[in-house]
Each structure stands twice: as C-alpha cells, then as structure tokens.
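Dropping work03.csv in here (CSV, C-alpha atoms):
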chain,number,residue,atom,x,y,z
A,3,MET,CA,42.5,30.5,54.5
A,4,ALA,CA,43.9,26.9,54.3
A,5,LYS,CA,46.3,26.1,51.5
A,6,VAL,CA,45.1,23.0,49.6
A,7,LEU,CA,47.7,21.5,47.2
A,8,CYS,CA,46.1,19.3,44.6
A,9,VAL,CA,48.4,17.0,42.5
A,10,LEU,CA,46.7,15.3,39.5
A,11,TYR,CA,47.8,13.7,36.3
A,12,ASP,CA,48.3,15.7,33.1
A,13,ASP,CA,45.5,16.8,30.9
A,14,PRO,CA,44.8,14.8,27.8
A,15,ALA,CA,47.6,15.1,25.2
A,16,ASP,CA,45.3,16.6,22.6
A,17,GLY,CA,43.3,18.7,25.1
A,18,TYR,CA,40.0,17.9,26.7
A,19,PRO,CA,37.6,16.1,24.2
A,20,LYS,CA,35.0,18.2,22.6
A,21,GLU,CA,32.5,15.4,23.1
A,22,TYR,CA,32.5,12.1,25.0
A,23,ALA,CA,31.6,8.6,23.8
A,24,ARG,CA,28.5,8.7,25.9
A,25,ASP,CA,26.0,11.4,26.9
A,26,ASP,CA,25.6,10.3,30.5
A,27,LEU,CA,26.9,8.1,33.3
A,28,PRO,CA,25.0,5.1,34.7
A,29,HIS,CA,22.9,6.0,37.7
A,30,LEU,CA,23.8,4.3,41.0
A,31,ASP,CA,21.6,4.4,44.1
A,32,GLY,CA,24.4,3.2,46.4
A,33,TYR,CA,27.3,0.8,46.7
A,34,PRO,CA,26.9,-2.9,47.1
A,35,GLY,CA,26.4,-3.6,50.8
A,36,GLY,CA,24.6,-0.4,51.5
A,37,GLN,CA,27.4,2.2,51.8
A,38,ALA,CA,26.1,5.6,50.7
A,39,LEU,CA,27.6,7.3,47.6
A,40,PRO,CA,29.5,10.5,48.2
A,41,SER,CA,27.2,13.4,49.0
A,42,PRO,CA,29.0,16.8,48.8
A,43,ASN,CA,27.1,20.1,48.7
A,44,GLY,CA,28.7,21.0,45.4
A,45,ILE,CA,31.4,20.2,42.9
A,46,ASP,CA,34.0,22.8,42.0
A,47,PHE,CA,37.7,21.7,41.8
A,48,THR,CA,40.8,23.5,40.5
A,49,VAL,CA,43.8,21.4,39.6
A,50,VAL,CA,46.9,22.9,41.0
A,51,THR,CA,49.8,21.0,39.4
A,52,SER,CA,51.0,17.7,37.8
A,53,ASP,CA,54.6,18.7,38.4
A,54,LYS,CA,55.7,16.4,41.2
A,55,ASP,CA,58.8,14.3,40.6
A,56,ARG,CA,61.7,16.4,39.4
A,57,ASP,CA,64.1,18.2,41.7
A,58,GLY,CA,62.5,21.6,42.6
A,59,SER,CA,59.1,20.5,41.5
A,60,GLU,CA,56.1,22.7,42.0
A,61,PHE,CA,54.7,20.1,44.4
A,62,ASP,CA,57.8,20.4,46.6
A,63,ARG,CA,57.8,24.2,46.5
A,64,GLU,CA,54.2,24.5,47.5
A,65,LEU,CA,54.3,21.7,50.1
A,66,ALA,CA,56.3,23.7,52.5
A,67,ASP,CA,53.2,25.6,53.8
A,68,ALA,CA,50.4,23.4,52.6
A,69,GLU,CA,47.8,22.3,55.1
A,70,ILE,CA,46.0,19.8,52.8
A,71,VAL,CA,47.4,17.7,50.0
A,72,ILE,CA,45.2,15.9,47.5
A,73,SER,CA,46.7,13.2,45.3
A,74,GLN,CA,45.7,10.2,43.3
A,75,PRO,CA,47.0,6.6,43.3
A,76,PHE,CA,47.2,6.8,39.5
A,77,TRP,CA,49.7,9.7,39.5
A,78,PRO,CA,50.8,9.7,43.2
A,79,ALA,CA,52.5,12.5,44.9
A,80,TYR,CA,54.7,10.4,47.1
A,81,LEU,CA,54.4,11.8,50.6
A,82,THR,CA,57.6,10.3,52.0
A,83,ALA,CA,58.7,10.7,55.6
A,84,GLU,CA,61.2,13.3,54.4
A,85,ARG,CA,58.5,15.3,52.7
A,86,ILE,CA,56.1,15.1,55.6
A,87,ALA,CA,58.9,16.4,57.9
A,88,ARG,CA,59.4,19.4,55.6
A,89,ALA,CA,55.7,20.2,55.7
A,90,PRO,CA,55.0,21.5,59.3
A,91,LYS,CA,51.6,22.8,58.5
A,92,LEU,CA,50.3,19.6,56.8
A,93,LYS,CA,47.2,18.3,58.6
A,94,LEU,CA,45.3,16.3,55.9
A,95,ALA,CA,46.4,14.0,53.0
A,96,VAL,CA,43.5,13.0,50.8
A,97,THR,CA,43.6,10.2,48.2
A,98,ALA,CA,41.3,11.0,45.3
A,99,GLY,CA,40.6,7.3,44.9
A,100,ILE,CA,41.5,4.2,46.9
A,101,GLY,CA,44.9,3.2,48.2
A,102,SER,CA,47.0,5.5,50.4
A,103,ASP,CA,50.3,3.7,50.3
A,104,HIS,CA,51.9,6.7,48.5
A,105,VAL,CA,51.7,8.3,51.9
A,106,ASP,CA,54.2,7.1,54.5
A,107,LEU,CA,51.6,6.1,57.1
A,108,ASP,CA,54.2,5.7,59.9
A,109,ALA,CA,55.3,9.3,59.3
A,110,ALA,CA,51.7,10.5,59.1
A,111,ILE,CA,51.0,8.9,62.5
A,112,GLU,CA,54.1,10.4,64.0
A,113,HIS,CA,53.3,13.9,62.8
A,114,GLY,CA,49.6,13.8,63.5
A,115,VAL,CA,48.5,14.0,59.8
A,116,THR,CA,45.1,12.7,59.0
A,117,VAL,CA,45.0,10.4,55.9
A,118,ALA,CA,41.7,9.8,54.1
A,119,GLU,CA,40.6,8.2,50.9
A,120,VAL,CA,37.3,7.8,49.0
A,121,THR,CA,36.6,4.2,50.0
A,122,TYR,CA,34.6,2.1,47.5
A,123,CYS,CA,34.5,4.9,44.8
A,124,ASN,CA,36.2,2.8,42.2
A,125,SER,CA,36.2,-0.7,43.7
A,126,ILE,CA,33.8,-2.1,41.1
A,127,SER,CA,35.7,-0.3,38.3
A,128,VAL,CA,38.8,-2.2,39.3
A,129,ALA,CA,36.9,-5.5,39.7
A,130,GLU,CA,35.7,-5.2,36.1
A,131,HIS,CA,39.2,-4.5,34.9
A,132,VAL,CA,40.5,-7.6,36.7
A,133,VAL,CA,37.9,-9.8,35.0
A,134,MET,CA,38.8,-8.2,31.6
A,135,MET,CA,42.5,-8.9,32.1
A,136,ILE,CA,41.9,-12.5,33.2
A,137,LEU,CA,39.9,-13.2,30.0
A,138,SER,CA,42.4,-11.3,27.9
A,139,GLN,CA,45.3,-13.3,29.2
A,140,VAL,CA,43.7,-16.8,29.2
A,141,ARG,CA,42.1,-16.3,25.7
A,142,ASN,CA,45.3,-14.8,24.3
A,143,TYR,CA,43.3,-11.8,23.1
A,144,LEU,CA,46.0,-9.1,22.8
A,145,PRO,CA,48.3,-11.0,20.4
A,146,SER,CA,45.3,-12.0,18.3
A,147,TYR,CA,44.3,-8.4,18.1
A,148,GLU,CA,47.8,-7.5,16.9
A,149,VAL,CA,47.5,-10.1,14.1
A,150,VAL,CA,44.4,-8.2,12.8
A,151,LEU,CA,46.2,-4.9,13.0
A,152,ASP,CA,49.1,-6.4,11.0
A,153,GLY,CA,46.8,-7.6,8.3
A,154,GLY,CA,47.2,-11.2,9.1
A,155,TRP,CA,44.9,-14.2,9.6
A,156,ASN,CA,47.2,-16.5,11.7
A,157,ILE,CA,44.6,-18.6,13.5
A,158,ALA,CA,46.9,-21.3,14.5
A,159,ASP,CA,49.3,-18.8,16.1
A,160,CYS,CA,46.5,-17.0,17.8
A,161,VAL,CA,45.1,-20.1,19.5
A,162,ALA,CA,48.4,-21.7,20.4
A,163,ARG,CA,48.2,-20.0,23.8
A,164,SER,CA,44.4,-19.7,24.1
A,165,TYR,CA,42.4,-21.6,26.7
A,166,ASP,CA,38.9,-21.6,28.3
A,167,VAL,CA,38.5,-20.0,31.7
A,168,GLU,CA,35.7,-22.5,32.4
A,169,GLY,CA,36.9,-25.2,34.9
A,170,MET,CA,40.0,-23.2,36.0
A,171,HIS,CA,40.9,-22.6,39.6
A,172,ILE,CA,41.0,-18.9,40.3
A,173,GLY,CA,42.1,-17.3,43.6
A,174,THR,CA,42.2,-13.8,45.0
A,175,VAL,CA,44.8,-12.6,47.5
A,176,ALA,CA,42.5,-10.4,49.6
A,177,ALA,CA,38.7,-10.5,49.5
A,178,GLY,CA,37.7,-7.0,50.5
A,179,ARG,CA,35.4,-4.9,48.4
A,180,ILE,CA,37.4,-5.4,45.2
A,181,GLY,CA,38.4,-9.1,45.7
A,182,THR,CA,34.8,-10.1,46.6
A,183,ALA,CA,33.5,-8.2,43.6
A,184,VAL,CA,35.9,-10.1,41.4
A,185,LEU,CA,34.8,-13.4,42.9
A,186,ARG,CA,31.1,-12.5,42.3
A,187,ARG,CA,31.8,-11.6,38.7
A,188,LEU,CA,33.7,-14.8,38.0
A,189,ALA,CA,31.2,-17.2,39.5
A,190,PRO,CA,29.0,-17.4,36.4
A,191,PHE,CA,32.0,-18.6,34.4
A,192,ASP,CA,31.8,-22.0,36.1
A,193,VAL,CA,35.2,-21.8,37.7
A,194,HIS,CA,36.5,-23.0,41.0
A,195,LEU,CA,37.0,-20.0,43.3
A,196,HIS,CA,39.6,-19.6,46.1
A,197,TYR,CA,40.6,-16.8,48.4
A,198,THR,CA,42.8,-15.8,51.2
A,199,ASP,CA,42.4,-12.8,53.5
A,200,ARG,CA,43.2,-11.8,57.0
A,201,HIS,CA,39.4,-11.4,57.6
A,202,ARG,CA,37.5,-14.6,56.6
A,203,LEU,CA,34.3,-13.9,54.7
A,204,PRO,CA,30.9,-14.9,56.3
A,205,THR,CA,30.0,-18.5,55.9
A,206,ALA,CA,26.9,-17.5,53.9
A,207,VAL,CA,29.1,-15.8,51.3
A,208,GLU,CA,31.5,-18.7,51.1
A,209,ARG,CA,28.5,-21.0,50.5
A,210,GLU,CA,26.8,-18.7,48.0
A,211,LEU,CA,29.9,-18.5,45.8
A,212,ASN,CA,31.3,-22.0,46.6
A,213,LEU,CA,34.6,-20.5,47.9
A,214,THR,CA,37.6,-22.4,49.2
A,215,PHE,CA,39.4,-20.4,51.9
A,216,HIS,CA,43.1,-20.7,52.4
A,217,PRO,CA,44.9,-19.3,55.5
A,218,SER,CA,47.7,-17.7,53.4
A,219,ALA,CA,48.8,-16.9,49.8
A,220,ALA,CA,51.4,-19.6,50.1
A,221,ASP,CA,48.7,-22.1,50.9
A,222,MET,CA,46.5,-21.0,48.0
A,223,VAL,CA,48.6,-20.3,45.0
A,224,PRO,CA,49.7,-23.9,44.2
A,225,HIS,CA,46.1,-24.8,43.6
A,226,CYS,CA,45.3,-21.9,41.2
A,227,ASP,CA,45.5,-21.5,37.4
A,228,VAL,CA,44.9,-17.8,37.9
A,229,VAL,CA,45.8,-15.6,40.9
A,230,THR,CA,44.6,-12.0,41.2
A,231,ILE,CA,46.1,-9.7,43.7
A,232,ASN,CA,43.6,-7.3,45.4
A,233,ALA,CA,45.4,-6.4,48.6
A,234,PRO,CA,46.7,-3.1,49.9
A,235,LEU,CA,50.4,-2.5,50.0
A,236,HIS,CA,51.8,-2.5,53.5
A,237,PRO,CA,54.7,-4.3,55.3
A,238,GLU,CA,52.9,-7.7,55.2
A,239,THR,CA,52.3,-7.7,51.5
A,240,GLU,CA,55.3,-5.8,50.1
A,241,GLY,CA,57.4,-8.3,48.0
A,242,LEU,CA,54.9,-11.1,48.7
A,243,PHE,CA,55.1,-12.5,45.1
A,244,ASP,CA,58.8,-13.1,45.0
A,245,GLU,CA,60.9,-15.8,43.2
A,246,LYS,CA,60.0,-18.4,45.9
A,247,LEU,CA,56.2,-17.9,45.9
A,248,ILE,CA,55.9,-17.6,42.1
A,249,GLY,CA,57.9,-20.8,42.0
A,250,THR,CA,55.2,-22.7,43.9
A,251,MET,CA,52.5,-21.7,41.4
A,252,LYS,CA,51.4,-24.1,38.7
A,253,ARG,CA,53.6,-23.9,35.7
A,254,GLY,CA,51.8,-21.8,33.2
A,255,ALA,CA,49.6,-20.0,35.7
A,256,TYR,CA,48.5,-16.4,35.2
A,257,LEU,CA,49.1,-13.5,37.7
A,258,ILE,CA,46.9,-10.4,37.6
A,259,ASN,CA,47.9,-7.4,39.7
A,260,THR,CA,45.7,-4.3,39.9
A,261,ALA,CA,46.6,-3.7,43.5
A,262,ARG,CA,50.1,-2.3,43.9
A,263,ALA,CA,53.3,-3.1,41.9
A,264,ARG,CA,55.5,-3.7,44.9
A,265,ILE,CA,53.4,-6.6,46.1
A,266,ALA,CA,55.2,-8.5,43.3
A,267,ASP,CA,59.0,-8.6,42.8
A,268,ARG,CA,59.6,-6.8,39.5
A,269,ASP,CA,62.4,-8.9,38.2
A,270,ALA,CA,61.0,-12.2,39.5
A,271,VAL,CA,57.9,-11.6,37.3
A,272,VAL,CA,60.1,-10.9,34.2
A,273,ARG,CA,62.1,-14.1,34.8
A,274,ALA,CA,59.0,-16.2,35.3
A,275,LEU,CA,57.5,-15.0,32.0
A,276,HIS,CA,60.7,-15.8,30.2
A,277,SER,CA,61.0,-19.2,31.7
A,278,GLY,CA,57.4,-20.1,31.2
A,279,GLN,CA,56.7,-20.5,35.0
A,280,LEU,CA,54.0,-17.8,34.4
A,281,ALA,CA,52.0,-18.0,31.2
A,282,GLY,CA,51.0,-14.3,31.5
A,283,TYR,CA,51.1,-11.3,33.8
A,284,ALA,CA,48.6,-8.4,33.5
A,285,GLY,CA,48.0,-5.4,35.6
A,286,ASP,CA,48.0,-1.7,35.7
A,287,VAL,CA,50.1,-0.8,38.7
A,288,TRP,CA,53.8,0.1,38.4
A,289,TYR,CA,56.6,1.3,40.6
A,290,PRO,CA,57.4,4.1,40.4
A,291,GLN,CA,54.4,5.8,38.8
A,292,PRO,CA,54.5,7.0,36.1
A,293,ALA,CA,56.8,4.2,35.0
A,294,PRO,CA,60.0,5.1,33.2
A,295,ALA,CA,60.2,4.3,29.4
A,296,ASP,CA,62.7,1.5,30.1
A,297,HIS,CA,60.7,-0.3,32.8
A,298,PRO,CA,61.1,-4.0,32.0
A,299,TRP,CA,57.4,-4.7,32.4
A,300,ARG,CA,56.8,-2.7,29.2
A,301,THR,CA,58.8,-5.2,27.1
A,302,MET,CA,58.5,-8.6,28.9
A,303,PRO,CA,56.7,-11.4,27.0
A,304,HIS,CA,53.1,-12.4,27.4
A,305,HIS,CA,52.0,-9.3,29.4
A,306,GLY,CA,48.8,-7.3,29.4
A,307,MET,CA,49.9,-4.1,31.2
A,308,THR,CA,48.1,-0.8,31.1
A,309,PRO,CA,48.9,2.5,32.8
A,310,HIS,CA,47.1,2.8,36.1
A,311,ILE,CA,43.6,3.2,34.7
A,312,SER,CA,41.6,0.4,36.3
A,313,GLY,CA,40.0,2.7,38.8
A,314,SER,CA,39.9,5.9,36.8
A,315,THR,CA,37.0,5.4,34.4
A,316,LEU,CA,34.8,8.5,33.9
A,317,SER,CA,32.2,6.8,36.1
A,318,ALA,CA,34.7,6.4,38.9
A,319,GLN,CA,36.1,9.9,38.4
A,320,ALA,CA,32.7,11.4,39.1
A,321,ARG,CA,32.5,9.4,42.4
A,322,TYR,CA,36.0,10.1,43.7
A,323,ALA,CA,35.8,13.8,42.8
A,324,ALA,CA,32.5,14.0,44.8
A,325,GLY,CA,34.0,12.0,47.6
A,326,THR,CA,37.1,14.3,47.8
A,327,ARG,CA,34.8,17.3,47.9
A,328,GLU,CA,32.8,15.7,50.7
A,329,ILE,CA,35.9,15.1,52.7
A,330,LEU,CA,37.0,18.7,52.3
A,331,GLU,CA,33.5,20.0,53.3
A,332,SER,CA,33.6,17.9,56.4
A,333,TRP,CA,37.1,19.0,57.3
A,334,PHE,CA,36.4,22.7,56.9
A,335,SER,CA,33.1,22.5,58.8
A,336,GLY,CA,34.7,20.6,61.7
A,337,THR,CA,32.4,17.6,61.3
A,338,PRO,CA,33.9,14.1,61.6
A,339,LEU,CA,35.0,12.4,58.3
A,340,ARG,CA,33.1,9.2,57.5
A,341,ASP,CA,34.7,6.3,59.3
A,342,GLU,CA,35.0,4.3,56.0
A,343,TYR,CA,37.1,7.2,54.5
A,344,LEU,CA,39.7,7.3,57.3
A,345,ILE,CA,43.1,5.6,57.0
A,346,VAL,CA,45.0,7.5,59.7
A,347,ASP,CA,43.5,9.7,62.4
A,348,GLY,CA,44.4,10.8,65.8
A,349,GLY,CA,47.9,9.3,65.6
A,350,ARG,CA,46.8,5.8,64.7
A,351,LEU,CA,45.3,3.7,62.0
A,352,ALA,CA,41.6,4.3,61.9
A,353,GLY,CA,38.5,3.3,60.0
A,354,ALA,CA,39.2,1.5,56.7
A,355,GLY,CA,42.9,1.9,57.5
A,356,ALA,CA,42.7,-0.2,60.7
A,357,HIS,CA,40.9,-2.9,58.8
A,358,SER,CA,43.2,-3.0,55.7
A,359,TYR,CA,46.6,-1.8,56.6
A,360,SER,CA,49.5,-2.5,59.0
A,361,THR,CA,52.5,-0.3,59.8
A,362,ASN,CA,56.0,-0.8,61.0
A,363,ARG,CA,55.2,0.9,64.3

Whole structure given in structure tokens:
Amino acid sequence: MAKVLCVLYDDPADGYPKEYARDDLPHLDGYPGGQALPSPNGIDFTVVTSDKDRDGSEFDRELADAEIVISQPFWPAYLTAERIARAPKLKLAVTAGIGSDHVDLDAAIEHGVTVAEVTYCNSISVAEHVVMMILSQVRNYLPSYEVVLDGGWNIADCVARSYDVEGMHIGTVAAGRIGTAVLRRLAPFDVHLHYTDRHRLPTAVERELNLTFHPSAADMVPHCDVVTINAPLHPETEGLFDEKLIGTMKRGAYLINTARARIADRDAVVRALHSGQLAGYAGDVWYPQPAPADHPWRTMPHHGMTPHISGSTLSAQARYAAGTREILESWFSGTPLRDEYLIVDGGRLAGAGAHSYSTNR
C-alpha cells in the first residue's frame, strides 16, 4: 500500500459552511481549446495535514516514508532539495492546482521524482481575478469602498486616483492559457493589448485580438499603463521585476501579479509605490506562503492584495480535486499520466513542464 501524504490549507475558521451561496456549479463541457476536463472514476479524498512549516511538522515527520505528496500552490508544502533527499521513497509530487515551483524541479529530476499538476483546472479562474484586480486598481475601487464602510461620502477623494481603463495600453508577461484568457477578456474594454512570451502566439490570434508582440518584458513594459504577470516561476523569471525594470515603466503604471511573488522584487515594489513610480500593485501571490503578519505587502500604499485565492474558487476546487484523483488513478493503474499534466517525468522536464519551465541543469 503506497503512502500518500496530502498537505492542504486549514479548514474554514468557523467550520465548514452549513450552506453555500449557490446551489450548484456552472456546467462546463471542456476547456477552451478542446482539452478535456478531468475524468476520474470517483471522488473521495481525505486531508492528511495542514501542519507543514514549523520545526518537526507533521509534514516533515510523514515525508520520510511517503511515496506520493499532494500539495497546493495556495498553501504550498515546499519540497526543497533537502526534503527530497530525506524522502527516499518519494516517487510522485502532485500539485492540486497549477504551478509546481514549490517543488525543487532540479532535485526532482536528479532523484527521479515525477511532478504533475492539474493543468488548466483554474486558468480561467485566475484570468477573471486578474481582470477584477485591474479594474479595481485603475478605478480606485477599494479606497472608495472603505469610504462607505467608514460612513463617508468623500467623492472628490475617491475619484482623485480613479481613471478609465478604456484607451489604456495593457500588457501581459506570458501569454499561455492564463495570459491569453486575460487578453481575450480585456479586448472588449477598447484597450491596446500587448504581450511577450517565449512562444509567439499564432498570427490569427494576434490579428483577432489586435495584439502587439514584444520580444521581452524589458521591451514591452515602457509602453504599458498596466502590466499583468502570468508567467511561471523559474530561473528566467525569478526577480524579473526588479528596481531597474520597474524604473522603465511609465510613472503611475499598475502592476498585477497573480503568478508568483518572487517574479517581483518585494522591496522594489514597496519603494515604487511610495515614490509614485507605480500607482498600484495588486496580486494574490506572496513569498513565503502563508505570508507572515509583518510582510510589507500587507501595509504598503495603493495595493490590492488578497491571500492566494485567484485559482481556488469553489468551481476551480471541484476541477483540481477531480484532476488530482485522475492523476492518482492513472498512477496506481500503471497507465501514463496525461501529457498536459506532466511537469517532470523520466528525469527531465516533460509535457507542460517542458513548454513552460526552465531549470538550472
């Protein structure tokens, strides 16, 4: 019997709700582009632990003889090289969601650990969150909402930092499933759309959305009023938005990051908001996760941060739970995992991982 170690975030503070806001979930026939939805034979999960960060955590104790580890990008159990080295039986690391950078991919390759994630399960969820954050920042929504909560009617103060999105230049760093979905959802706002990606989109898509391609983020960001980061974290993107790159952005631009926190330099973002180089920063990714109470992004000005929730709607949870079950069923039956689920396999980047990630090897 294989030992499966599942590390998920804590239950709701007040316990599971006795009822939900809706009675059902929207029905989907498939993902955009034709990829099939997860198709497990059944759904029956047991959460093992949320204790993962302290010295002597349950995660560390159980990892020693675990063959499979399931974790989430929202509450990641960081599978560092040191932890992988202490887990000689580990064969499979599953991300219940998208984004496997909490696994040291170089170490996984070295130790023959397969890494898989439920590709596309929450891409549209994240894309919707990005659009919400762009509108929230540009229209100065959150401070205006606070005025209402405080009993005020300070219209002049509310609109002092409020603009129209219409006519703005908006660019995405990476135009994979999430980035392209963001572009499609922004097109009706009559904005000018830009993108950069290591894989250029088909000409037909560029024409359809009237996209301007740039060979790098450095080439793109000086043209944009809003930049949204939708790239995976790997050696080429870590620290990309540092003091220098942020300094080349338009004064008063907005930066949206629902990808990974370490793509942006934490302190450079804080300084840019204080100086006015950035008019706003919004996102829901932090490092580490969960973020400590004194993390400077909690208190910096003009931010719209949320905990890592963009890809964890109830709709998305149903899909990544089903996808995780499908991966386990395939693994235990000895059938190949879907290529689009694979990040590392057979001692190399594979499937979606080969398309999206790079390593230090």

Given all atoms listed in the file as the counted atoms, nearest of A:Asp227, A:Gly99, A:Ile126, A:Ala266 to Gly325 (chain A):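 When distances to Gly325 (chain A) are compared using all atoms listed in the file, the smallest one comes from A:Gly99.
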
Mind running region 168-200 of chain A against region 356-361 of chain A at 12 Å and telling me each contacting residue's nearest atom pair with the distance in Å (one decimal), counting only C-alpha atoms, chain and number ascending, as JSON lines?
{"residue": "A:Ala176", "atom": "CA", "partner": "A:Ser358", "partner_atom": "CA", "distance": 9.6}
{"residue": "A:Ala177", "atom": "CA", "partner": "A:Ser358", "partner_atom": "CA", "distance": 10.7}
{"residue": "A:Gly178", "atom": "CA", "partner": "A:Ser358", "partner_atom": "CA", "distance": 8.6}
{"residue": "A:Arg179", "atom": "CA", "partner": "A:Ser358", "partner_atom": "CA", "distance": 10.9}
{"residue": "A:Asp199", "atom": "CA", "partner": "A:Ser358", "partner_atom": "CA", "distance": 10.1}
{"residue": "A:Arg200", "atom": "CA", "partner": "A:Ser358", "partner_atom": "CA", "distance": 8.9}

Close residues, Thr260 (chain A) itself excluded, 12 Å, only C-alpha atoms, min 5 positions apart in chain, as number ranges by chain: A: 75-76, 100-101, 125, 127-136, 174-176, 180-181, 184, 229-235, 265-266, 283-288, 306-313

Gap from CA of Tyr289 (chain A) to CA of Gln139 (chain A) - Å, one decimal: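 According to the coordinates, CA of Tyr289 (chain A) and CA of Gln139 (chain A) are separated by 21.7 Å.
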
Excluding same-chain residues fewer than 4 positions from Gly355 (chain A), what lies within 12 Å of it counting all atoms listed in the file, as a short mmCIF file (atom, residue, chain, number, x, y, z; two decimals) with C-alpha atoms, in the frame of the given file?
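Saved result, selection22.cif, follows:
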data_model
loop_
_atom_site.label_atom_id
_atom_site.label_comp_id
_atom_site.auth_asym_id
_atom_site.auth_seq_id
_atom_site.Cartn_x
_atom_site.Cartn_y
_atom_site.Cartn_z
CA ILE A 100 41.50 4.20 46.90
CA GLY A 101 44.90 3.20 48.20
CA SER A 102 47.00 5.50 50.40
CA ASP A 103 50.30 3.70 50.30
CA LEU A 107 51.60 6.10 57.10
CA ILE A 111 51.00 8.90 62.50
CA THR A 116 45.10 12.70 59.00
CA VAL A 117 45.00 10.40 55.90
CA ALA A 118 41.70 9.80 54.10
CA GLU A 119 40.60 8.20 50.90
CA VAL A 120 37.30 7.80 49.00
CA THR A 121 36.60 4.20 50.00
CA PRO A 234 46.70 -3.10 49.90
CA LEU A 235 50.40 -2.50 50.00
CA HIS A 236 51.80 -2.50 53.50
CA ASP A 341 34.70 6.30 59.30
CA GLU A 342 35.00 4.30 56.00
CA TYR A 343 37.10 7.20 54.50
CA LEU A 344 39.70 7.30 57.30
CA ILE A 345 43.10 5.60 57.00
CA VAL A 346 45.00 7.50 59.70
CA ASP A 347 43.50 9.70 62.40
CA ARG A 350 46.80 5.80 64.70
CA LEU A 351 45.30 3.70 62.00
CA TYR A 359 46.60 -1.80 56.60
CA SER A 360 49.50 -2.50 59.00
CA THR A 361 52.50 -0.30 59.80
#
